[in-house]
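A.B. asks: Provided herewith: protein.txt, compact mmCIF, C-alpha atoms.
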# COMPACT_ATOMS: atom_id res chain seq x y z
CA MET A 292 63.31 -60.71 -61.92
CA PHE A 293 62.03 -63.17 -59.32
CA LYS A 294 63.70 -66.08 -61.17
CA LEU A 295 67.03 -64.27 -61.19
CA GLY A 296 66.81 -63.61 -57.45
CA LEU A 297 65.89 -67.23 -56.81
CA LEU A 298 68.81 -68.43 -58.96
CA ILE A 299 71.23 -66.20 -57.04
CA ALA A 300 69.87 -67.47 -53.71
CA VAL A 301 70.21 -71.11 -54.79
CA MET A 302 73.78 -70.51 -56.03
CA PHE A 303 74.67 -68.83 -52.73
CA VAL A 304 73.30 -71.74 -50.68
CA LEU A 305 75.07 -74.27 -52.93
CA GLN A 306 78.39 -72.43 -52.64
CA THR A 307 78.01 -72.24 -48.85
CA LEU A 308 77.31 -75.97 -48.66
CA LEU A 309 80.26 -76.88 -50.88
CA SER A 310 82.57 -74.59 -48.91
CA ALA A 311 81.48 -76.23 -45.66
CA ILE A 312 82.26 -79.65 -47.14
CA GLN A 313 85.71 -78.40 -48.20
CA MET A 314 86.41 -77.01 -44.73
CA ARG A 315 85.35 -80.27 -43.10
CA HIS A 316 87.76 -82.14 -45.39
CA PHE A 317 90.57 -79.70 -44.52
CA THR A 318 89.85 -80.01 -40.79
CA ARG A 319 90.03 -83.81 -40.97
CA GLU A 320 93.36 -83.66 -42.78
CA PHE A 321 94.74 -81.12 -40.31
CA MET A 322 93.62 -83.16 -37.30
CA ALA A 323 95.15 -86.32 -38.79
CA LEU A 324 98.50 -84.52 -39.02
CA ARG A 325 98.07 -82.92 -35.61
CA ARG A 326 97.60 -86.32 -33.97
CA GLN A 327 101.07 -87.26 -35.26
CA GLY A 328 102.87 -84.18 -33.90
CA LYS A 329 103.42 -80.45 -34.37
CA VAL A 330 102.07 -78.85 -37.53
CA ALA A 331 103.25 -75.60 -39.13
CA CYS A 332 100.62 -73.95 -41.34
CA GLY A 333 100.88 -71.19 -43.88
CA ARG A 334 98.19 -69.61 -45.99
CA ARG A 335 97.81 -67.19 -48.83
CA ALA A 336 94.47 -65.95 -50.12
CA GLY A 337 94.05 -66.05 -53.84
CA GLY A 338 91.24 -63.71 -54.78
CA PHE A 339 90.78 -64.49 -58.45
CA HIS A 340 93.93 -66.65 -58.44
CA ALA A 341 94.42 -70.01 -56.76
CA GLY A 342 94.72 -69.56 -53.00
CA ALA A 343 96.92 -71.93 -51.03
CA ILE A 344 97.19 -73.45 -47.57
CA VAL A 345 100.18 -75.60 -46.62
CA MET A 346 100.65 -77.85 -43.61
CA PHE A 347 103.98 -79.33 -42.56
CA LEU A 348 104.13 -82.16 -40.03
CA LEU A 349 107.26 -81.52 -37.95
CA ASP A 350 109.49 -83.65 -35.78
CA GLU A 351 110.71 -82.45 -32.37
CA ASN A 352 113.57 -80.49 -34.02
CA GLY A 353 111.40 -78.62 -36.53
CA CYS A 354 112.34 -80.79 -39.50
CA ILE A 355 109.58 -81.52 -41.96
CA ARG A 356 108.31 -85.10 -41.93
CA GLN A 357 105.40 -84.59 -44.32
CA GLY A 358 103.90 -81.77 -46.38
CA ARG A 359 100.28 -81.29 -47.46
CA MET A 360 98.64 -78.52 -49.47
CA LEU A 361 95.20 -77.22 -50.35
CA MET A 362 95.37 -75.10 -53.49
CA GLY A 363 92.69 -73.94 -55.86
CA VAL A 364 90.20 -71.31 -56.91
CA THR A 365 87.01 -73.27 -56.29
CA CYS A 366 85.48 -75.13 -53.40
CA PHE A 367 86.29 -78.40 -55.20
CA ALA A 368 90.00 -78.19 -54.27
CA ARG A 369 91.15 -80.94 -51.90
CA VAL A 370 94.18 -81.49 -49.68
CA ARG A 371 97.00 -83.20 -51.56
CA PRO A 372 100.55 -84.26 -50.73
CA LEU A 373 103.29 -81.64 -51.03
CA PRO A 374 106.46 -83.65 -51.65
CA GLY A 375 110.05 -82.44 -51.71
CA PHE A 376 110.31 -80.89 -48.25
CA GLU A 377 110.97 -83.99 -46.15
CA GLY A 378 114.00 -83.58 -43.89
CA LYS A 379 114.29 -79.80 -44.35
CA PHE A 380 114.16 -77.45 -41.35
CA VAL A 381 110.97 -75.41 -41.63
CA GLY A 382 112.49 -72.36 -39.96
CA SER A 383 115.12 -71.91 -42.66
CA LEU A 384 113.14 -72.54 -45.85
CA SER A 385 114.21 -70.12 -48.57
CA ASP A 386 113.27 -69.21 -52.13
CA SER A 387 115.63 -71.89 -53.45
CA ASP A 388 113.61 -74.58 -51.62
CA LEU A 389 110.29 -73.55 -53.18
CA PRO A 390 108.54 -75.09 -56.17
CA ARG A 391 108.57 -73.01 -59.34
CA HIS A 392 104.81 -73.11 -59.91
CA GLY A 393 102.12 -71.28 -58.00
CA ARG A 394 103.06 -67.88 -56.59
CA ASN A 395 100.52 -68.21 -53.79
CA LEU A 396 101.81 -71.70 -52.95
CA ARG A 397 105.32 -70.27 -52.56
CA ARG A 398 103.99 -67.45 -50.38
CA ALA A 399 102.03 -69.90 -48.22
CA ILE A 400 105.19 -71.96 -47.66
CA LEU A 401 107.08 -68.84 -46.60
CA ASP A 402 104.15 -67.92 -44.34
CA ALA A 403 104.45 -71.34 -42.66
CA ARG A 404 108.16 -70.65 -42.12
CA ASP A 405 107.49 -67.19 -40.68
CA THR A 406 104.69 -68.46 -38.45
CA TYR A 407 106.93 -71.24 -37.12
CA ASN A 408 109.74 -68.77 -36.38
CA LYS A 409 107.37 -66.36 -34.59
CA VAL A 410 105.85 -69.12 -32.45
CA MET A 411 109.29 -70.46 -31.52
CA ALA A 412 110.38 -66.93 -30.57
CA GLY A 413 107.30 -66.54 -28.36
CA GLU A 414 105.70 -63.86 -30.53
CA ALA A 415 101.99 -63.60 -31.24
CA VAL A 416 100.91 -64.51 -34.76
CA PRO A 417 98.56 -61.82 -36.10
CA GLU A 418 95.36 -62.81 -37.88
CA PRO A 419 95.28 -61.68 -41.51
CA PRO A 420 92.71 -59.01 -42.34
CA SER A 421 89.37 -60.16 -43.70
CA PRO A 422 88.23 -59.06 -47.16
CA PHE A 423 85.87 -56.56 -45.51
CA GLN A 424 88.74 -55.10 -43.46
CA LYS A 425 90.86 -54.80 -46.61
CA ALA A 426 88.02 -53.05 -48.44
CA GLY A 427 87.47 -50.68 -45.51
CA ARG A 428 91.16 -49.78 -45.42
CA ALA A 429 91.19 -49.20 -49.18
CA LEU A 430 88.16 -46.92 -48.92
CA ALA A 431 89.75 -45.04 -46.02
CA GLU A 432 92.88 -44.49 -48.12
CA LEU A 433 90.77 -43.18 -51.01
CA GLY A 434 89.01 -40.78 -48.63
CA LYS A 435 92.34 -39.37 -47.43
CA GLY A 436 93.69 -38.73 -50.96
Just give me the structure as structure tokens.
C.D. replies:
Amino acid sequence: MFKLGLLIAVMFVLQTLLSAIQMRHFTREFMALRRQGKVACGRRAGGFHAGAIVMFLLDENGCIRQGRMLMGVTCFARVRPLPGFEGKFVGSLSDSDLPRHGRNLRRAILDARDTYNKVMAGEAVPEPPSPFQKAGRALAELGKG
């Protein structure tokens, strides 16, 4: 029993370390884009599927100069180029502009569009609920029914 507990503790520490390395890599990539201009970001949590984060470097008119994405299930995912969006206006991206693979990637792109439109309209962008908040809401719904 002690060995199992020790193994779980080691795995937890390793996963925390690898996640911190991934976040540092993402932060460097984001800051590199941010130094070049405005950046529109979109995200979609994956759960047991590949989550996705997209970043679009924008010109002064809101047209995409460069796209980058972080997509994967594990902490080994890295930021990669997201081609095919150069020259498009981020505020009017539609389903026809989206790649055909990766449902969460498509949703993250649409989230970047929505976030851009809200910021340009002067609206506040709400933070998504944490997994604990989602679980609490689900339990509250079960208690009501």
A.B. asks: Need the shell around Val345 in chain A: protein/DNA/RNA residues with any atom at most 6 Å away, counting only C-alpha atoms. Skip same-chain ones fewer than 6 positions apart. Format as a count of residues only?
C.D. replies: 4
A.B. asks: In Å, rounded to a single decimal, give me how far CA of Ala336 in chain A is from CA of Ser421 in chain A.
C.D. replies: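 Calculated distance between CA of Ser421 in chain A and CA of Ala336 in chain A is 10.0 Å.
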A.B. asks: Counting all atoms listed in the file, figure out which residue out of A:Val301, A:Val330, A:Leu389, A:Leu396 gets nearest to Leu361 in chain A.
C.D. replies: A:Leu396
A.B. asks: Have a look at A:Thr307, A:Gln357, A:Asn352, A:Thr365 and name the one nearest to Phe321 in chain A; count all atoms listed in the file.
C.D. replies: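 Closest to Phe321 in chain A of all the choices is A:Gln357.
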A.B. asks: Given 5 Å on each side, where is the centre and what are the edge lengths in Å to one decimal of the axis-aligned box enclosing the listed atoms of range 387-395 of chain A, as lines of an AutoDock Vina configuration file?
C.D. replies:
center_x = 108.1
center_y = -71.5
center_z = -55.8
size_x = 25.1
size_y = 17.2
size_z = 18.3
A.B. asks: Calculate how many Å separate CA of Phe367 in chain A from CA of Asp388 in chain A, rounding to one decimal.
C.D. replies: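 Going from CA of Phe367 in chain A over to CA of Asp388 in chain A covers 27.8 Å.
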A.B. asks: Which one of A:Ala341, A:Val370, A:Leu308, A:Val364 sits closest to Asn395 in chain A if you count all atoms listed in the file?
C.D. replies: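 Closest to Asn395 in chain A of all the choices is A:Ala341.
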A.B. asks: Counting only C-alpha atoms, which residues come within 12 Å of (109.7, -87.8, -51.6), with the point read in the file's coordinates, and could you list them as a PDB file with C-alpha atoms, in the coordinates of the input?
C.D. replies:
ATOM      1  CA  ILE A 355     109.580 -81.520 -41.960  1.00  0.00           C
ATOM      2  CA  ARG A 356     108.310 -85.100 -41.930  1.00  0.00           C
ATOM      3  CA  GLN A 357     105.400 -84.590 -44.320  1.00  0.00           C
ATOM      4  CA  GLY A 358     103.900 -81.770 -46.380  1.00  0.00           C
ATOM      5  CA  PRO A 372     100.550 -84.260 -50.730  1.00  0.00           C
ATOM      6  CA  LEU A 373     103.290 -81.640 -51.030  1.00  0.00           C
ATOM      7  CA  PRO A 374     106.460 -83.650 -51.650  1.00  0.00           C
ATOM      8  CA  GLY A 375     110.050 -82.440 -51.710  1.00  0.00           C
ATOM      9  CA  PHE A 376     110.310 -80.890 -48.250  1.00  0.00           C
ATOM     10  CA  GLU A 377     110.970 -83.990 -46.150  1.00  0.00           C
ATOM     11  CA  GLY A 378     114.000 -83.580 -43.890  1.00  0.00           C
ATOM     12  CA  LYS A 379     114.290 -79.800 -44.350  1.00  0.00           C
TER      13      LYS A 379
END
A.B. asks: Go through A:Met322, A:Ile344, A:Leu349, A:Leu433 one by one, measure the shortest atom-to-atom distance of each to Arg371 in chain A using only C-alpha atoms, and give the residue with the smallest value.
C.D. replies: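 Once distances to Arg371 in chain A are computed over only C-alpha atoms, the minimum belongs to A:Ile344.
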A.B. asks: As a CSV table (one decimal), in the frame of the given file, please: range 349-360 of chain A completed to all heavy atoms.
C.D. replies:
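Contents of the output file part.csv:
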chain,number,residue,atom,x,y,z
A,349,LEU,N,105.9,-81.7,-38.4
A,349,LEU,CA,107.3,-81.5,-38.0
A,349,LEU,C,107.7,-82.5,-36.9
A,349,LEU,O,106.8,-83.0,-36.1
A,349,LEU,CB,107.4,-80.1,-37.3
A,349,LEU,CG,106.9,-79.0,-38.2
A,349,LEU,CD1,107.0,-77.7,-37.4
A,349,LEU,CD2,107.7,-78.9,-39.5
A,350,ASP,N,109.0,-82.8,-36.9
A,350,ASP,CA,109.5,-83.6,-35.8
A,350,ASP,C,109.8,-82.7,-34.6
A,350,ASP,O,109.6,-81.5,-34.7
A,350,ASP,CB,110.7,-84.5,-36.2
A,350,ASP,CG,111.9,-83.7,-36.6
A,350,ASP,OD1,111.9,-82.5,-36.4
A,350,ASP,OD2,112.8,-84.3,-37.2
A,351,GLU,N,110.4,-83.3,-33.6
A,351,GLU,CA,110.7,-82.4,-32.4
A,351,GLU,C,111.8,-81.4,-32.6
A,351,GLU,O,111.9,-80.4,-31.8
A,351,GLU,CB,111.1,-83.4,-31.2
A,351,GLU,CG,112.4,-84.2,-31.5
A,351,GLU,CD,112.2,-85.4,-32.3
A,351,GLU,OE1,111.0,-85.8,-32.5
A,351,GLU,OE2,113.2,-86.0,-32.7
A,352,ASN,N,112.5,-81.5,-33.7
A,352,ASN,CA,113.6,-80.5,-34.0
A,352,ASN,C,113.1,-79.5,-35.1
A,352,ASN,O,113.9,-78.6,-35.5
A,352,ASN,CB,114.8,-81.2,-34.5
A,352,ASN,CG,115.4,-82.1,-33.5
A,352,ASN,OD1,115.5,-81.8,-32.3
A,352,ASN,ND2,115.8,-83.3,-33.9
A,353,GLY,N,111.9,-79.6,-35.5
A,353,GLY,CA,111.4,-78.6,-36.5
A,353,GLY,C,111.7,-79.0,-38.0
A,353,GLY,O,111.5,-78.2,-38.9
A,354,CYS,N,112.1,-80.3,-38.1
A,354,CYS,CA,112.3,-80.8,-39.5
A,354,CYS,C,111.0,-81.3,-40.0
A,354,CYS,O,110.3,-82.0,-39.3
A,354,CYS,CB,113.4,-81.9,-39.5
A,354,CYS,SG,115.1,-81.2,-39.2
A,355,ILE,N,110.8,-81.1,-41.3
A,355,ILE,CA,109.6,-81.5,-42.0
A,355,ILE,C,109.6,-83.0,-42.2
A,355,ILE,O,110.5,-83.6,-42.8
A,355,ILE,CB,109.4,-80.8,-43.3
A,355,ILE,CG1,109.3,-79.3,-43.0
A,355,ILE,CG2,108.1,-81.2,-44.0
A,355,ILE,CD1,109.4,-78.4,-44.2
A,356,ARG,N,108.5,-83.7,-41.7
A,356,ARG,CA,108.3,-85.1,-41.9
A,356,ARG,C,107.4,-85.3,-43.1
A,356,ARG,O,107.5,-86.3,-43.8
A,356,ARG,CB,107.7,-85.8,-40.7
A,356,ARG,CG,108.7,-85.8,-39.5
A,356,ARG,CD,108.2,-86.4,-38.2
A,356,ARG,NE,107.2,-87.3,-38.4
A,356,ARG,CZ,106.3,-87.6,-37.4
A,356,ARG,NH1,106.4,-87.0,-36.2
A,356,ARG,NH2,105.3,-88.5,-37.6
A,357,GLN,N,106.4,-84.4,-43.3
A,357,GLN,CA,105.4,-84.6,-44.3
A,357,GLN,C,104.8,-83.2,-44.7
A,357,GLN,O,104.6,-82.4,-43.8
A,357,GLN,CB,104.3,-85.5,-43.8
A,357,GLN,CG,103.2,-85.9,-44.8
A,357,GLN,CD,102.2,-86.8,-44.2
A,357,GLN,OE1,102.0,-86.9,-43.0
A,357,GLN,NE2,101.4,-87.4,-45.1
A,358,GLY,N,104.5,-83.0,-45.9
A,358,GLY,CA,103.9,-81.8,-46.4
A,358,GLY,C,102.6,-82.1,-47.1
A,358,GLY,O,102.4,-83.1,-47.8
A,359,ARG,N,101.6,-81.2,-46.8
A,359,ARG,CA,100.3,-81.3,-47.5
A,359,ARG,C,99.9,-79.9,-47.9
A,359,ARG,O,100.3,-78.9,-47.3
A,359,ARG,CB,99.2,-81.8,-46.5
A,359,ARG,CG,99.6,-83.1,-45.7
A,359,ARG,CD,99.4,-84.3,-46.5
A,359,ARG,NE,98.0,-84.6,-46.7
A,359,ARG,CZ,97.5,-85.4,-47.6
A,359,ARG,NH1,98.3,-86.0,-48.5
A,359,ARG,NH2,96.2,-85.7,-47.6
A,360,MET,N,99.1,-79.8,-49.0
A,360,MET,CA,98.6,-78.5,-49.5
A,360,MET,C,97.2,-78.6,-49.9
A,360,MET,O,96.7,-79.6,-50.3
A,360,MET,CB,99.5,-78.1,-50.6
A,360,MET,CG,99.3,-78.9,-51.9
A,360,MET,SD,100.3,-78.2,-53.2
A,360,MET,CE,100.0,-79.4,-54.5
